[in-house]
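Below: the structure, in structure tokens.
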Amino acid sequence: MSQSAYLIQLSDLHLFSNSSGTLLGLRTADSLAAILDTLQHQFPPPDALLLTGDLAQEPCTQTYTNLANALKTFPCPVYWLPGNHDDPAAMIPALAQPPLRGDRLMSLGAWQGILLNSQVEGQVHGALSETTLHWLDEQLSNCSDRPTFIALHHPPFRTGAPWLDSSRLQNPEALFGILDRHPQVKLVLFGHIHQSFMAERQGVTYLGCPSTCIQFLPRAAKFTLEPIGPGFRQLWLEADGTVRTQIQRVTIPLTLDFTSEGY
């Protein structure tokens with residue numbers, strides 16, 4: 001296996017049990033299909049696909065089964081984690097068929113990936129439980145010789161949008177305290193914010209991802225959509241622990257409800 005790896009991050013799919021379901025005027029199954037079509041024609045293909053939560057707007061078995069069917073011919077492993085809109089009890093059985101994998105550890109070239117569940121049942125905001133934090137610390141202690149990325153749904157940083165920042169990760173200092181003890185961690189990936197975002201802290205790069213459907217206007221004081229197409233993040237993970245990344249957008253017709261005050 002090559003020591004470098006090419007990873008694609010998709011986030012915030014907000015799918016419905018019916019493919020005609022719309023979110024603020026956008027048919028989310030169609031926007032995802034446009035992205036998957038773009039990815040299917042990439043060469044070389046990615047080594048893995050990572051879905052960082054809010055896979056469903058209607059979190060039921062049929063929605064996740066539809067997603068599994070959309071990805072069943074994808075030519076690489078597909079890893080996933082839940083967001084605040086998701087139902088893990090429905091996700092686990094539906095998203096267990098290849099190439100989908102429910103593993104919380106990824107081996108990708110020279111890299112290790114660790115996937116965390118930041119969902120708080122019944123809440124929009126996120127938090128990492130003591131059990132999850134202890135498990136993360138153990139995994140990092142057991143594998144200190146590989147560059148590592150962490151993935152979760154909720155951002156540990158404020159984005160500058162007050163309405164959105166109220167639902168970020170509520171205990172980021174607990175996460176930072178663990179990462180500060182493990183210098184092999186180079187990267188943290190998250191979703192939830194429906195926009196590109198980057199921050200640096202203590203040698204770690206933190207990256208937010210656009211949604212595969214609707215986009216939020218950065219730094220808006222209240223809920224505001226941005227009239228831009230869906231996107232995904234490309235990541236090239238090098239053997240020496242360095243990362244190259246960029247956002248790719250897909251052009252689709254946008255018929256969004258810009259008067260909406262929420263979703």
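Scheme for the structure tokens: letters A, B, ... for chains in order shown; per-chain residue numbers from 1; ligand numbers from 1 in order shown.
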If you count only C-alpha atoms, which residues fall within 9 Å of Arg249 (chain A), apart from same-chain ones fewer than 4 positions away, as a list of chain:residue names? A:Ile35, A:Pro210, A:Ile228, A:Gly229, A:Pro230, A:Gly231, A:Phe232, A:Arg233
Restricting it to N, CA and C atoms, dump the selection as an mmCIF file, in the first residue's frame.
```cif
data_model
loop_
_atom_site.group_PDB
_atom_site.id
_atom_site.type_symbol
_atom_site.label_atom_id
_atom_site.label_comp_id
_atom_site.auth_asym_id
_atom_site.auth_seq_id
_atom_site.Cartn_x
_atom_site.Cartn_y
_atom_site.Cartn_z
ATOM 1 N N ILE A 35 -22.771 15.030 -6.865
ATOM 2 C CA ILE A 35 -21.436 14.905 -6.277
ATOM 3 C C ILE A 35 -20.869 13.516 -6.496
ATOM 4 N N PRO A 210 -18.048 21.900 3.434
ATOM 5 C CA PRO A 210 -19.355 22.270 2.894
ATOM 6 C C PRO A 210 -20.327 21.094 2.965
ATOM 7 N N ILE A 228 -24.617 29.203 -3.309
ATOM 8 C CA ILE A 228 -23.458 28.536 -3.910
ATOM 9 C C ILE A 228 -23.743 27.041 -3.925
ATOM 10 N N GLY A 229 -23.178 26.343 -4.890
ATOM 11 C CA GLY A 229 -23.468 24.934 -5.065
ATOM 12 C C GLY A 229 -22.892 24.048 -3.977
ATOM 13 N N PRO A 230 -23.358 22.810 -3.920
ATOM 14 C CA PRO A 230 -22.843 21.848 -2.939
ATOM 15 C C PRO A 230 -21.368 21.551 -3.177
ATOM 16 N N GLY A 231 -20.717 21.036 -2.141
ATOM 17 C CA GLY A 231 -19.296 20.782 -2.284
ATOM 18 C C GLY A 231 -18.812 19.641 -1.411
ATOM 19 N N PHE A 232 -17.529 19.357 -1.564
ATOM 20 C CA PHE A 232 -16.876 18.331 -0.746
ATOM 21 C C PHE A 232 -15.426 18.719 -0.580
ATOM 22 N N ARG A 233 -14.763 18.060 0.370
ATOM 23 C CA ARG A 233 -13.351 18.365 0.630
ATOM 24 C C ARG A 233 -12.477 17.230 0.147
#
```
May I have all residues of region 37-206 of chain A that DSSP, computed from the backbone, assigns to strand (DSSP E), given as a PyMOL selection string? chain A and resi 48-52+78-81+100-101+105-108+111-115+148-151+185-190+197-201+204-206
Mind checking which residues fall within 12 Å of Thr61 (chain A), counting only C-alpha atoms, ignoring those fewer than 5 positions away in the same chain, and posting them as a PyMOL selection string? chain A and resi 15-18+55-56+66-68+86-95
Using only C-alpha atoms, find each residue of region 182-233 of chain A with at least one atom at most 10 Å away from an atom of region 256-260 of chain A; report its shortest atom-to-atom pair and that distance in Å (one decimal), sort the rows by chain and rising residue number, and return the result as JSON lines.
```
{"residue": "A:Ile214", "atom": "CA", "partner": "A:Leu256", "partner_atom": "CA", "distance": 8.2}
{"residue": "A:Phe223", "atom": "CA", "partner": "A:Ser260", "partner_atom": "CA", "distance": 7.9}
{"residue": "A:Thr224", "atom": "CA", "partner": "A:Phe258", "partner_atom": "CA", "distance": 7.2}
{"residue": "A:Leu225", "atom": "CA", "partner": "A:Phe258", "partner_atom": "CA", "distance": 6.2}
{"residue": "A:Glu226", "atom": "CA", "partner": "A:Phe258", "partner_atom": "CA", "distance": 8.5}
{"residue": "A:Pro227", "atom": "CA", "partner": "A:Leu256", "partner_atom": "CA", "distance": 8.0}
```
DSSP-assigned alpha helix (DSSP H) among region 5-184 of chain A, expressed as a tab-separated table (two decimals) with all heavy atoms, in the first residue's frame:
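Here's the written file part_4.tsv:
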```tsv
chain	number	residue	atom	x	y	z
A	28	THR	N	-32.33	16.99	-1.98
A	28	THR	CA	-31.01	16.62	-1.46
A	28	THR	C	-30.47	15.34	-2.10
A	28	THR	O	-29.25	15.17	-2.19
A	28	THR	CB	-31.05	16.47	0.07
A	28	THR	OG1	-32.03	15.49	0.44
A	28	THR	CG2	-31.41	17.79	0.73
A	29	ALA	N	-31.35	14.43	-2.52
A	29	ALA	CA	-30.87	13.23	-3.21
A	29	ALA	C	-30.23	13.59	-4.54
A	29	ALA	O	-29.24	12.97	-4.96
A	29	ALA	CB	-32.03	12.26	-3.43
A	30	ASP	N	-30.76	14.61	-5.21
A	30	ASP	CA	-30.20	15.02	-6.50
A	30	ASP	C	-28.84	15.68	-6.33
A	30	ASP	O	-27.93	15.46	-7.13
A	30	ASP	CB	-31.16	15.98	-7.21
A	30	ASP	CG	-32.40	15.29	-7.74
A	30	ASP	OD1	-32.48	14.05	-7.67
A	30	ASP	OD2	-33.31	16.01	-8.21
A	31	SER	N	-28.70	16.52	-5.29
A	31	SER	CA	-27.41	17.18	-5.09
A	31	SER	C	-26.33	16.17	-4.71
A	31	SER	O	-25.19	16.25	-5.17
A	31	SER	CB	-27.52	18.28	-4.03
A	31	SER	OG	-27.92	17.77	-2.77
A	32	LEU	N	-26.69	15.16	-3.90
A	32	LEU	CA	-25.73	14.10	-3.59
A	32	LEU	C	-25.38	13.31	-4.84
A	32	LEU	O	-24.20	12.99	-5.06
A	32	LEU	CB	-26.29	13.17	-2.52
A	32	LEU	CG	-25.42	11.96	-2.19
A	32	LEU	CD1	-24.08	12.38	-1.62
A	32	LEU	CD2	-26.14	11.01	-1.23
A	33	ALA	N	-26.38	13.00	-5.67
A	33	ALA	CA	-26.11	12.25	-6.90
A	33	ALA	C	-25.15	12.99	-7.81
A	33	ALA	O	-24.27	12.38	-8.44
A	33	ALA	CB	-27.42	11.97	-7.63
A	34	ALA	N	-25.27	14.32	-7.88
A	34	ALA	CA	-24.35	15.11	-8.71
A	34	ALA	C	-22.93	15.02	-8.18
A	34	ALA	O	-21.96	14.92	-8.96
A	34	ALA	CB	-24.82	16.56	-8.74
A	35	ILE	N	-22.77	15.03	-6.87
A	35	ILE	CA	-21.44	14.91	-6.28
A	35	ILE	C	-20.87	13.52	-6.50
A	35	ILE	O	-19.69	13.35	-6.87
A	35	ILE	CB	-21.49	15.27	-4.78
A	35	ILE	CG1	-21.57	16.79	-4.65
A	35	ILE	CG2	-20.28	14.72	-4.04
A	35	ILE	CD1	-21.59	17.30	-3.25
A	36	LEU	N	-21.67	12.48	-6.28
A	36	LEU	CA	-21.19	11.12	-6.48
A	36	LEU	C	-20.81	10.87	-7.93
A	36	LEU	O	-19.83	10.16	-8.21
A	36	LEU	CB	-22.23	10.11	-6.02
A	36	LEU	CG	-22.53	10.09	-4.51
A	36	LEU	CD1	-23.58	9.03	-4.19
A	36	LEU	CD2	-21.26	9.86	-3.70
A	37	ASP	N	-21.55	11.46	-8.87
A	37	ASP	CA	-21.20	11.32	-10.28
A	37	ASP	C	-19.84	11.96	-10.55
A	37	ASP	O	-19.01	11.39	-11.29
A	37	ASP	CB	-22.27	11.97	-11.14
A	37	ASP	CG	-21.99	11.81	-12.63
A	37	ASP	OD1	-22.03	10.66	-13.12
A	37	ASP	OD2	-21.71	12.82	-13.30
A	38	THR	N	-19.59	13.12	-9.96
A	38	THR	CA	-18.28	13.76	-10.09
A	38	THR	C	-17.17	12.88	-9.55
A	38	THR	O	-16.12	12.70	-10.17
A	38	THR	CB	-18.28	15.12	-9.36
A	38	THR	OG1	-19.24	15.99	-9.97
A	38	THR	CG2	-16.91	15.78	-9.42
A	39	LEU	N	-17.41	12.29	-8.38
A	39	LEU	CA	-16.39	11.45	-7.75
A	39	LEU	C	-16.15	10.16	-8.54
A	39	LEU	O	-15.01	9.68	-8.63
A	39	LEU	CB	-16.80	11.11	-6.32
A	39	LEU	CG	-16.85	12.29	-5.34
A	39	LEU	CD1	-17.34	11.84	-3.98
A	39	LEU	CD2	-15.47	12.95	-5.21
A	40	GLN	N	-17.19	9.60	-9.11
A	40	GLN	CA	-17.04	8.36	-9.88
A	40	GLN	C	-16.16	8.55	-11.10
A	40	GLN	O	-15.57	7.59	-11.60
A	40	GLN	CB	-18.43	7.85	-10.31
A	40	GLN	CG	-19.32	7.37	-9.17
A	40	GLN	CD	-19.06	5.94	-8.74
A	40	GLN	OE1	-18.02	5.36	-9.03
A	40	GLN	NE2	-20.00	5.37	-8.01
A	61	THR	N	-34.82	4.08	8.80
A	61	THR	CA	-34.11	3.01	8.12
A	61	THR	C	-34.13	3.19	6.60
A	61	THR	O	-33.11	2.97	5.93
A	61	THR	CB	-34.72	1.65	8.49
A	61	THR	OG1	-34.58	1.45	9.90
A	61	THR	CG2	-34.01	0.52	7.76
A	62	GLN	N	-35.27	3.61	6.04
A	62	GLN	CA	-35.36	3.74	4.59
A	62	GLN	C	-34.40	4.80	4.05
A	62	GLN	O	-33.79	4.61	3.00
A	62	GLN	CB	-36.79	4.10	4.17
A	62	GLN	CG	-37.01	4.11	2.66
A	62	GLN	CD	-36.71	2.76	2.03
A	62	GLN	OE1	-37.28	1.75	2.44
A	62	GLN	NE2	-35.82	2.72	1.04
A	63	THR	N	-34.25	5.89	4.78
A	63	THR	CA	-33.31	6.94	4.34
A	63	THR	C	-31.89	6.39	4.25
A	63	THR	O	-31.19	6.60	3.26
A	63	THR	CB	-33.34	8.13	5.31
A	63	THR	OG1	-34.65	8.68	5.33
A	63	THR	CG2	-32.35	9.20	4.89
A	64	TYR	N	-31.47	5.67	5.29
A	64	TYR	CA	-30.11	5.15	5.30
A	64	TYR	C	-29.94	4.01	4.29
A	64	TYR	O	-28.86	3.84	3.72
A	64	TYR	CB	-29.73	4.70	6.71
A	64	TYR	CG	-29.75	5.84	7.71
A	64	TYR	CD1	-30.61	5.83	8.80
A	64	TYR	CD2	-28.92	6.95	7.54
A	64	TYR	CE1	-30.64	6.87	9.70
A	64	TYR	CE2	-28.95	8.00	8.45
A	64	TYR	CZ	-29.81	7.96	9.52
A	64	TYR	OH	-29.84	9.02	10.42
A	65	THR	N	-31.00	3.26	4.06
A	65	THR	CA	-30.94	2.22	3.03
A	65	THR	C	-30.77	2.86	1.64
A	65	THR	O	-30.01	2.36	0.81
A	65	THR	CB	-32.21	1.37	3.06
A	65	THR	OG1	-32.31	0.73	4.35
A	65	THR	CG2	-32.19	0.30	1.98
A	66	ASN	N	-31.47	3.96	1.41
A	66	ASN	CA	-31.31	4.69	0.14
A	66	ASN	C	-29.87	5.14	-0.04
A	66	ASN	O	-29.30	5.07	-1.15
A	66	ASN	CB	-32.24	5.90	0.09
A	66	ASN	CG	-33.71	5.53	0.04
A	66	ASN	OD1	-34.05	4.39	-0.24
A	66	ASN	ND2	-34.56	6.50	0.31
A	67	LEU	N	-29.26	5.63	1.04
A	67	LEU	CA	-27.87	6.07	0.96
A	67	LEU	C	-26.95	4.89	0.66
A	67	LEU	O	-26.05	4.99	-0.19
A	67	LEU	CB	-27.46	6.73	2.29
A	67	LEU	CG	-25.99	7.13	2.41
A	67	LEU	CD1	-25.58	8.10	1.32
A	67	LEU	CD2	-25.72	7.71	3.80
A	68	ALA	N	-27.18	3.78	1.34
A	68	ALA	CA	-26.36	2.59	1.08
A	68	ALA	C	-26.48	2.16	-0.38
A	68	ALA	O	-25.48	1.79	-1.01
A	68	ALA	CB	-26.78	1.45	2.01
A	69	ASN	N	-27.67	2.23	-0.93
A	69	ASN	CA	-27.86	1.86	-2.33
A	69	ASN	C	-27.15	2.82	-3.27
A	69	ASN	O	-26.59	2.41	-4.30
A	69	ASN	CB	-29.35	1.81	-2.66
A	69	ASN	CG	-30.06	0.62	-2.03
A	69	ASN	OD1	-29.43	-0.39	-1.73
A	69	ASN	ND2	-31.36	0.74	-1.82
A	70	ALA	N	-27.15	4.10	-2.94
A	70	ALA	CA	-26.47	5.10	-3.77
A	70	ALA	C	-24.96	4.88	-3.79
A	70	ALA	O	-24.28	5.25	-4.75
A	70	ALA	CB	-26.80	6.50	-3.27
A	71	LEU	N	-24.44	4.27	-2.72
A	71	LEU	CA	-22.99	4.10	-2.59
A	71	LEU	C	-22.52	2.67	-2.86
A	71	LEU	O	-21.32	2.40	-2.77
A	71	LEU	CB	-22.55	4.51	-1.18
A	71	LEU	CG	-22.67	6.01	-0.86
A	71	LEU	CD1	-22.54	6.24	0.63
A	71	LEU	CD2	-21.60	6.80	-1.61
A	88	PRO	N	-28.58	6.81	15.26
A	88	PRO	CA	-27.62	5.70	15.17
A	88	PRO	C	-28.27	4.33	15.15
A	88	PRO	O	-27.76	3.40	14.50
A	88	PRO	CB	-26.75	5.90	16.42
A	88	PRO	CG	-26.82	7.37	16.70
A	88	PRO	CD	-28.22	7.75	16.34
A	89	ALA	N	-29.39	4.17	15.83
A	89	ALA	CA	-30.05	2.86	15.85
A	89	ALA	C	-30.52	2.44	14.47
A	89	ALA	O	-30.54	1.25	14.13
A	89	ALA	CB	-31.22	2.88	16.82
A	90	ALA	N	-30.91	3.41	13.66
A	90	ALA	CA	-31.31	3.11	12.28
A	90	ALA	C	-30.11	3.05	11.35
A	90	ALA	O	-30.12	2.32	10.36
A	90	ALA	CB	-32.30	4.16	11.78
A	91	MET	N	-29.07	3.80	11.66
A	91	MET	CA	-27.89	3.85	10.80
A	91	MET	C	-27.13	2.53	10.79
A	91	MET	O	-26.72	2.03	9.74
A	91	MET	CB	-26.92	4.95	11.26
A	91	MET	CG	-27.46	6.35	11.23
A	91	MET	SD	-26.30	7.53	11.95
A	91	MET	CE	-25.33	7.98	10.52
A	92	ILE	N	-26.93	1.97	11.98
A	92	ILE	CA	-26.00	0.85	12.12
A	92	ILE	C	-26.36	-0.34	11.23
A	92	ILE	O	-25.50	-0.83	10.49
A	92	ILE	CB	-25.88	0.46	13.61
A	92	ILE	CG1	-25.15	1.58	14.37
A	92	ILE	CG2	-25.14	-0.86	13.76
A	92	ILE	CD1	-25.19	1.43	15.88
A	93	PRO	N	-27.61	-0.82	11.24
A	93	PRO	CA	-27.91	-1.96	10.36
A	93	PRO	C	-27.93	-1.60	8.89
A	93	PRO	O	-27.51	-2.41	8.04
A	93	PRO	CB	-29.28	-2.43	10.83
A	93	PRO	CG	-29.90	-1.24	11.49
A	93	PRO	CD	-28.76	-0.49	12.09
A	94	ALA	N	-28.38	-0.40	8.55
A	94	ALA	CA	-28.52	-0.02	7.14
A	94	ALA	C	-27.18	0.29	6.49
A	94	ALA	O	-27.00	0.09	5.29
A	94	ALA	CB	-29.45	1.18	7.01
A	130	GLU	N	-17.39	11.25	28.49
A	130	GLU	CA	-16.17	10.81	29.18
A	130	GLU	C	-15.69	9.47	28.61
A	130	GLU	O	-14.49	9.24	28.48
A	130	GLU	CB	-16.44	10.70	30.68
A	130	GLU	CG	-16.57	12.03	31.38
A	130	GLU	CD	-15.29	12.87	31.28
A	130	GLU	OE1	-14.18	12.28	31.34
A	130	GLU	OE2	-15.40	14.09	31.13
A	131	THR	N	-16.63	8.60	28.27
A	131	THR	CA	-16.26	7.31	27.68
A	131	THR	C	-15.55	7.50	26.35
A	131	THR	O	-14.52	6.86	26.08
A	131	THR	CB	-17.52	6.44	27.50
A	131	THR	OG1	-18.12	6.21	28.77
A	131	THR	CG2	-17.16	5.10	26.86
A	132	THR	N	-16.09	8.37	25.52
A	132	THR	CA	-15.47	8.63	24.22
A	132	THR	C	-14.09	9.26	24.37
A	132	THR	O	-13.14	8.88	23.68
A	132	THR	CB	-16.38	9.55	23.38
A	132	THR	OG1	-17.61	8.88	23.11
A	132	THR	CG2	-15.71	9.94	22.07
A	133	LEU	N	-13.97	10.21	25.28
A	133	LEU	CA	-12.68	10.88	25.50
A	133	LEU	C	-11.63	9.88	26.00
A	133	LEU	O	-10.47	9.91	25.57
A	133	LEU	CB	-12.85	12.03	26.48
A	133	LEU	CG	-13.65	13.22	25.95
A	133	LEU	CD1	-14.07	14.14	27.09
A	133	LEU	CD2	-12.83	14.00	24.91
A	134	HIS	N	-12.03	9.01	26.92
A	134	HIS	CA	-11.10	8.00	27.44
A	134	HIS	C	-10.67	7.06	26.32
A	134	HIS	O	-9.48	6.72	26.19
A	134	HIS	CB	-11.76	7.23	28.58
A	134	HIS	CG	-10.89	6.15	29.16
A	134	HIS	ND1	-9.79	6.43	29.94
A	134	HIS	CD2	-10.95	4.79	29.04
A	134	HIS	CE1	-9.20	5.28	30.29
A	134	HIS	NE2	-9.89	4.29	29.76
A	135	TRP	N	-11.63	6.63	25.49
A	135	TRP	CA	-11.31	5.74	24.37
A	135	TRP	C	-10.36	6.42	23.40
A	135	TRP	O	-9.40	5.80	22.91
A	135	TRP	CB	-12.60	5.33	23.67
A	135	TRP	CG	-12.39	4.46	22.47
A	135	TRP	CD1	-12.16	3.12	22.46
A	135	TRP	CD2	-12.39	4.87	21.09
A	135	TRP	NE1	-12.03	2.66	21.16
A	135	TRP	CE2	-12.17	3.72	20.31
A	135	TRP	CE3	-12.58	6.11	20.46
A	135	TRP	CZ2	-12.10	3.76	18.91
A	135	TRP	CZ3	-12.52	6.16	19.07
A	135	TRP	CH2	-12.28	4.99	18.31
A	136	LEU	N	-10.59	7.69	23.10
A	136	LEU	CA	-9.70	8.44	22.20
A	136	LEU	C	-8.28	8.48	22.75
A	136	LEU	O	-7.31	8.22	22.03
A	136	LEU	CB	-10.24	9.85	22.01
A	136	LEU	CG	-9.33	10.82	21.25
A	136	LEU	CD1	-9.08	10.36	19.83
A	136	LEU	CD2	-9.92	12.23	21.28
A	137	ASP	N	-8.16	8.79	24.03
A	137	ASP	CA	-6.83	8.86	24.64
A	137	ASP	C	-6.12	7.50	24.56
A	137	ASP	O	-4.92	7.43	24.27
A	137	ASP	CB	-6.99	9.30	26.10
A	137	ASP	CG	-5.69	9.84	26.69
A	137	ASP	OD1	-4.82	10.31	25.92
A	137	ASP	OD2	-5.54	9.80	27.93
A	138	GLU	N	-6.87	6.43	24.78
A	138	GLU	CA	-6.30	5.08	24.69
A	138	GLU	C	-5.80	4.77	23.28
A	138	GLU	O	-4.70	4.24	23.09
A	138	GLU	CB	-7.34	4.04	25.10
A	138	GLU	CG	-7.48	3.83	26.57
A	138	GLU	CD	-8.32	2.60	26.87
A	138	GLU	OE1	-9.16	2.22	26.01
A	138	GLU	OE2	-8.15	2.01	27.95
A	139	GLN	N	-6.63	5.09	22.29
A	139	GLN	CA	-6.25	4.80	20.91
A	139	GLN	C	-5.00	5.57	20.50
A	139	GLN	O	-4.11	5.04	19.82
A	139	GLN	CB	-7.40	5.13	19.95
A	139	GLN	CG	-8.68	4.35	20.18
A	139	GLN	CD	-8.45	2.85	20.20
A	139	GLN	OE1	-7.78	2.30	19.32
A	139	GLN	NE2	-9.00	2.19	21.20
A	140	LEU	N	-4.92	6.82	20.92
A	140	LEU	CA	-3.76	7.64	20.57
A	140	LEU	C	-2.50	7.13	21.30
A	140	LEU	O	-1.40	7.17	20.74
A	140	LEU	CB	-4.03	9.10	20.92
A	140	LEU	CG	-5.08	9.78	20.03
A	140	LEU	CD1	-5.43	11.16	20.58
A	140	LEU	CD2	-4.59	9.89	18.59
A	141	SER	N	-2.67	6.65	22.52
A	141	SER	CA	-1.52	6.11	23.26
A	141	SER	C	-1.03	4.80	22.65
A	141	SER	O	0.17	4.51	22.67
A	141	SER	CB	-1.91	5.88	24.73
A	141	SER	OG	-2.25	7.09	25.36
A	142	ASN	N	-1.94	4.04	22.08
A	142	ASN	CA	-1.58	2.74	21.52
A	142	ASN	C	-0.97	2.82	20.13
A	142	ASN	O	-0.42	1.82	19.65
A	142	ASN	CB	-2.83	1.84	21.46
A	142	ASN	CG	-3.33	1.44	22.83
A	142	ASN	OD1	-2.59	1.48	23.81
A	142	ASN	ND2	-4.60	1.08	22.91
A	162	PRO	N	-23.18	33.70	15.21
A	162	PRO	CA	-23.74	33.40	16.54
A	162	PRO	C	-24.80	32.32	16.54
A	162	PRO	O	-24.83	31.47	17.44
A	162	PRO	CB	-24.31	34.77	16.97
A	162	PRO	CG	-23.50	35.78	16.21
A	162	PRO	CD	-23.19	35.14	14.89
A	163	TRP	N	-25.69	32.31	15.56
A	163	TRP	CA	-26.78	31.34	15.55
A	163	TRP	C	-26.24	29.92	15.40
A	163	TRP	O	-26.82	28.96	15.92
A	163	TRP	CB	-27.78	31.65	14.42
A	163	TRP	CG	-27.27	31.32	13.05
A	163	TRP	CD1	-26.57	32.14	12.22
A	163	TRP	CD2	-27.40	30.08	12.36
A	163	TRP	NE1	-26.25	31.49	11.05
A	163	TRP	CE2	-26.76	30.22	11.10
A	163	TRP	CE3	-28.00	28.86	12.66
A	163	TRP	CZ2	-26.69	29.20	10.16
A	163	TRP	CZ3	-27.94	27.83	11.73
A	163	TRP	CH2	-27.30	28.01	10.49
A	164	LEU	N	-25.11	29.79	14.69
A	164	LEU	CA	-24.52	28.48	14.44
A	164	LEU	C	-23.58	28.07	15.57
A	164	LEU	O	-23.51	26.89	15.95
A	164	LEU	CB	-23.78	28.52	13.11
A	164	LEU	CG	-23.25	27.23	12.50
A	164	LEU	CD1	-24.35	26.20	12.37
A	164	LEU	CD2	-22.62	27.52	11.14
A	165	ASP	N	-22.89	29.05	16.14
A	165	ASP	CA	-21.91	28.73	17.19
A	165	ASP	C	-22.56	28.22	18.46
A	165	ASP	O	-21.91	27.54	19.27
A	165	ASP	CB	-21.07	29.97	17.50
A	165	ASP	CG	-20.11	30.31	16.36
A	165	ASP	OD1	-19.84	29.42	15.53
A	165	ASP	OD2	-19.64	31.46	16.29
A	172	PRO	N	-14.98	21.58	24.03
A	172	PRO	CA	-13.78	21.50	23.19
A	172	PRO	C	-12.49	21.41	23.99
A	172	PRO	O	-11.52	20.78	23.53
A	172	PRO	CB	-13.83	22.78	22.36
A	172	PRO	CG	-14.63	23.74	23.18
A	172	PRO	CD	-15.66	22.89	23.85
A	173	GLU	N	-12.44	22.01	25.18
A	173	GLU	CA	-11.20	21.98	25.95
A	173	GLU	C	-10.83	20.56	26.37
A	173	GLU	O	-9.64	20.24	26.49
A	173	GLU	CB	-11.32	22.89	27.18
A	173	GLU	CG	-11.47	24.37	26.84
A	173	GLU	CD	-10.32	24.91	26.00
A	173	GLU	OE1	-9.19	24.43	26.17
A	173	GLU	OE2	-10.56	25.81	25.17
A	174	ALA	N	-11.84	19.72	26.58
A	174	ALA	CA	-11.55	18.32	26.91
A	174	ALA	C	-10.89	17.62	25.73
A	174	ALA	O	-9.96	16.82	25.90
A	174	ALA	CB	-12.84	17.60	27.31
A	175	LEU	N	-11.35	17.93	24.52
A	175	LEU	CA	-10.72	17.37	23.32
A	175	LEU	C	-9.31	17.92	23.15
A	175	LEU	O	-8.36	17.16	22.92
A	175	LEU	CB	-11.57	17.70	22.10
A	175	LEU	CG	-10.97	17.32	20.74
A	175	LEU	CD1	-10.79	15.81	20.61
A	175	LEU	CD2	-11.85	17.85	19.61
A	176	PHE	N	-9.17	19.23	23.28
A	176	PHE	CA	-7.85	19.85	23.11
A	176	PHE	C	-6.84	19.28	24.12
A	176	PHE	O	-5.67	19.07	23.79
A	176	PHE	CB	-7.93	21.36	23.30
A	176	PHE	CG	-8.77	22.08	22.26
A	176	PHE	CD1	-9.42	23.26	22.58
A	176	PHE	CD2	-8.91	21.57	20.98
A	176	PHE	CE1	-10.18	23.92	21.63
A	176	PHE	CE2	-9.68	22.22	20.03
A	176	PHE	CZ	-10.32	23.41	20.36
A	177	GLY	N	-7.30	19.04	25.34
A	177	GLY	CA	-6.40	18.53	26.37
A	177	GLY	C	-5.80	17.19	25.99
A	177	GLY	O	-4.62	16.92	26.26
A	178	ILE	N	-6.59	16.34	25.34
A	178	ILE	CA	-6.08	15.05	24.89
A	178	ILE	C	-5.16	15.22	23.69
A	178	ILE	O	-4.06	14.65	23.65
A	178	ILE	CB	-7.26	14.10	24.56
A	178	ILE	CG1	-8.01	13.73	25.84
A	178	ILE	CG2	-6.75	12.84	23.85
A	178	ILE	CD1	-9.27	12.95	25.59
A	179	LEU	N	-5.58	16.00	22.72
A	179	LEU	CA	-4.77	16.17	21.52
A	179	LEU	C	-3.42	16.80	21.83
A	179	LEU	O	-2.41	16.48	21.18
A	179	LEU	CB	-5.52	17.01	20.48
A	179	LEU	CG	-6.88	16.46	20.03
A	179	LEU	CD1	-7.39	17.25	18.83
A	179	LEU	CD2	-6.82	14.98	19.71
```
Near region 180-182 of chain A, within 10 Å and counting only C-alpha atoms, which residues show up once chain neighbours fewer than 6 positions away are dropped, as JSON, numbers by chain? {"A": [137, 140, 141, 143, 144, 148, 201, 202, 203, 204]}
